[in-house]
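K.L.:
Before anything else, here's the structure in question.
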Amino acid sequence: MYSRVKSILVLPFLLFGIFFQPSTALAAMTISIGNIPSSVDQNQEFDADVLLVCSGCGDSYLRGALYKTGESYFGFTKNASGDWIATTSNKTQYFKIAQSDLIEGSWSGKLRVRPDVSSTFFVGTGLYSFKVARYTSSNSNASWSNDLTITVVGPTPTL
């Protein structure tokens with residue numbers, strides 16, 4: 001009798017698991033970065049290699065960010081129109097990766113970034129962390145890449 005009651009109680013949970021599998025589209029999004037310089041002049045632009053794997057995603061907007069641990073993000077990201085965008089509430093101003101740009105659910109390319117020396121979060125020369133955020137047009141919450149370390153120096157004297 002006990003095993004029969006147990007089977008009756010367990011069966012709905014098994015059926016729920018079979019028929020209602022969670023969507024993997026949300027879990028399939030990752031951002032990886034690499035190949036940034038070890039140091040950059042505070043007024044210098046640099047490229048970061050970005051790999052966005054995002055099967056089932058719509059348009060994405062990428063932002064490069066520098067920061068010190070425990071502090072806010074700062075920096076400029078060059079968008080596809082050639083404009084330098086700092087921190088903004090309109091995430092669609094960042095570098096756009098259209099859904100049609102994804103090939104088999106992924107995109108790889110370079111993101112152009114530079115420090116924002118006018119930001120209150122720029123504290124002069126030293127080590128900073130760098131990472132890339134992905135936003136959607138309807139969501140202000142970011143998904144972040146791995147962190148890399150970069151030394152910001154300068155200004156470099158001219159001879």
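Residues are named by chain letter and number: chains run A, B, ... in the order of the structure tokens, numbers start at 1 in each chain, and ligands are numbered from 1 in the order shown.
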So that each row is one residue of region 46-94 of chain A with an atom at most 6 Å from region 102-117 of chain A, can you give its shortest atom pair and the distance in Å to one decimal, using only C-alpha atoms, rows by chain and rising number, as JSON lines?
P.N.:
```
{"residue": "A:Phe46", "atom": "CA", "partner": "A:Val113", "partner_atom": "CA", "distance": 5.5}
{"residue": "A:Asp47", "atom": "CA", "partner": "A:Arg112", "partner_atom": "CA", "distance": 4.6}
{"residue": "A:Ala48", "atom": "CA", "partner": "A:Leu111", "partner_atom": "CA", "distance": 5.2}
{"residue": "A:Asp49", "atom": "CA", "partner": "A:Lys110", "partner_atom": "CA", "distance": 4.6}
{"residue": "A:Val50", "atom": "CA", "partner": "A:Gly109", "partner_atom": "CA", "distance": 5.5}
{"residue": "A:Leu51", "atom": "CA", "partner": "A:Ser108", "partner_atom": "CA", "distance": 4.4}
{"residue": "A:Leu52", "atom": "CA", "partner": "A:Trp107", "partner_atom": "CA", "distance": 5.2}
{"residue": "A:Val53", "atom": "CA", "partner": "A:Ser106", "partner_atom": "CA", "distance": 4.3}
{"residue": "A:Cys54", "atom": "CA", "partner": "A:Gly105", "partner_atom": "CA", "distance": 5.3}
{"residue": "A:Ser55", "atom": "CA", "partner": "A:Gly105", "partner_atom": "CA", "distance": 4.1}
{"residue": "A:Gly75", "atom": "CA", "partner": "A:Pro115", "partner_atom": "CA", "distance": 4.5}
{"residue": "A:Phe76", "atom": "CA", "partner": "A:Arg114", "partner_atom": "CA", "distance": 5.3}
{"residue": "A:Thr77", "atom": "CA", "partner": "A:Val113", "partner_atom": "CA", "distance": 4.6}
{"residue": "A:Lys78", "atom": "CA", "partner": "A:Arg112", "partner_atom": "CA", "distance": 5.5}
```
K.L.:
Closest to Arg134 (chain A) among A:Ile31, A:Val40, A:Ile85, A:Leu66, using only C-alpha atoms?
P.N.:
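Among A:Ile31, A:Val40, A:Ile85, A:Leu66, it is A:Ile31 that comes nearest to Arg134 (chain A).
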K.L.:
Name the residues of region 1-153 of chain A that come out as alpha helix (DSSP H) in a backbone DSSP run; write them as number ranges by chain.
P.N.:
A: 2-19
K.L.:
What separation in Å, quoted to one decimal, exists between CA of Ser60 (chain A) and CA of Ser119 (chain A)?
P.N.:
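Those two atoms sit 25.2 Å apart.
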K.L.:
Got a sec to tell me which of region 51-82 of chain A DSSP assigns to strand (DSSP E or B), as a ChimeraX atom specification?
P.N.:
/A:51-53,60-67,74,76-78
K.L.:
Using only C-alpha atoms, pick whichever of A:Trp84, A:Thr136, A:Ser38, A:Thr30 has the shortest atom-to-atom distance to Gly64 (chain A).
P.N.:
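The closest residue to Gly64 (chain A) is A:Trp84.
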K.L.:
Can you work out which one of A:Cys57, A:Phe122, A:Asn141, A:Leu127 has the shortest atom-to-atom distance to Asn90 (chain A), counting only C-alpha atoms?
P.N.:
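Smallest separation from Asn90 (chain A) among the options: A:Asn141.
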K.L.:
Quick one: residues within 7 Å of Ala80 (chain A), only C-alpha atoms, excluding same-chain residues fewer than 2 positions away - as number ranges by chain?
P.N.:
A: 78, 82, 95-96
K.L.:
Please dump the current selection as a PDB file, in the first residue's frame; keep N, CA and C atoms.
P.N.:
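Full text of part.pdb as output:
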```
ATOM      1  N   LYS A  78      33.003  52.442 -28.268  1.00  0.00           N
ATOM      2  CA  LYS A  78      32.696  52.974 -29.601  1.00  0.00           C
ATOM      3  C   LYS A  78      31.575  52.132 -30.205  1.00  0.00           C
ATOM      4  N   GLY A  82      30.301  55.003 -34.794  1.00  0.00           N
ATOM      5  CA  GLY A  82      31.549  55.708 -34.537  1.00  0.00           C
ATOM      6  C   GLY A  82      31.487  56.661 -33.365  1.00  0.00           C
ATOM      7  N   PHE A  95      27.392  49.367 -28.517  1.00  0.00           N
ATOM      8  CA  PHE A  95      27.710  48.646 -29.748  1.00  0.00           C
ATOM      9  C   PHE A  95      26.665  47.554 -29.999  1.00  0.00           C
ATOM     10  N   LYS A  96      25.955  47.671 -31.101  1.00  0.00           N
ATOM     11  CA  LYS A  96      24.842  46.758 -31.397  1.00  0.00           C
ATOM     12  C   LYS A  96      25.299  45.520 -32.151  1.00  0.00           C
TER      13      LYS A  96
END
```
K.L.:
Suppose you want the space between CA of Ser39 (chain A) and CA of Gly126 (chain A); what is it in Å?
P.N.:
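Computed distance, CA of Ser39 (chain A) to CA of Gly126 (chain A), equals 9.3 Å.
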K.L.:
Near Ser138 (chain A), counting only C-alpha atoms, which residues have an atom at most 9 Å away, once you skip same-chain residues fewer than 2 positions from it, shown as a tab-separated table (two decimals) with all heavy atoms, in the first residue's frame?
P.N.:
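The result, written out as around-v2.tsv:
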```
chain	number	residue	atom	x	y	z
A	91	LYS	N	20.62	51.90	-23.14
A	91	LYS	CA	21.58	50.84	-23.47
A	91	LYS	C	21.69	50.59	-24.97
A	91	LYS	O	22.69	50.05	-25.43
A	91	LYS	CB	21.19	49.54	-22.76
A	91	LYS	CG	20.97	49.69	-21.26
A	91	LYS	CD	22.09	50.37	-20.54
A	91	LYS	CE	21.82	50.47	-19.06
A	91	LYS	NZ	22.65	51.39	-18.35
A	92	THR	N	20.69	50.99	-25.76
A	92	THR	CA	20.73	50.77	-27.20
A	92	THR	C	21.73	51.69	-27.90
A	92	THR	O	21.94	51.56	-29.10
A	92	THR	CB	19.34	50.93	-27.84
A	92	THR	OG1	18.89	52.27	-27.64
A	92	THR	CG2	18.35	49.94	-27.24
A	135	TYR	N	23.63	43.95	-22.96
A	135	TYR	CA	22.29	44.42	-22.63
A	135	TYR	C	21.35	44.05	-23.77
A	135	TYR	O	21.79	43.85	-24.90
A	135	TYR	CB	22.25	45.96	-22.49
A	135	TYR	CG	23.10	46.50	-21.37
A	135	TYR	CD1	24.41	46.93	-21.59
A	135	TYR	CD2	22.59	46.61	-20.08
A	135	TYR	CE1	25.18	47.45	-20.57
A	135	TYR	CE2	23.37	47.13	-19.05
A	135	TYR	CZ	24.66	47.54	-19.30
A	135	TYR	OH	25.42	48.05	-18.29
A	136	THR	N	20.06	44.01	-23.46
A	136	THR	CA	19.04	43.89	-24.49
A	136	THR	C	18.35	45.25	-24.61
A	136	THR	O	18.54	46.12	-23.75
A	136	THR	CB	17.99	42.82	-24.14
A	136	THR	OG1	17.27	43.24	-22.98
A	136	THR	CG2	18.64	41.46	-23.89
A	140	SER	N	17.56	46.67	-18.64
A	140	SER	CA	18.72	47.44	-18.20
A	140	SER	C	19.70	46.59	-17.38
A	140	SER	O	20.77	47.06	-17.03
A	140	SER	CB	18.27	48.65	-17.38
A	140	SER	OG	17.58	48.23	-16.23
```
K.L.:
As an exercise, work out the distance from CA of Asn79 (chain A) to CA of Ala98 (chain A) in Å and give it to one decimal place.
P.N.:
12.6 Å
K.L.:
Would you kindly return, as JSON, numbers by chain, each protein, DNA or RNA residue with an atom no farther than 6 Å from any atom of Gln99 (chain A), considering only C-alpha atoms and excluding same-chain residues fewer than 2 positions away?
P.N.:
{"A": [58, 59, 101, 102]}
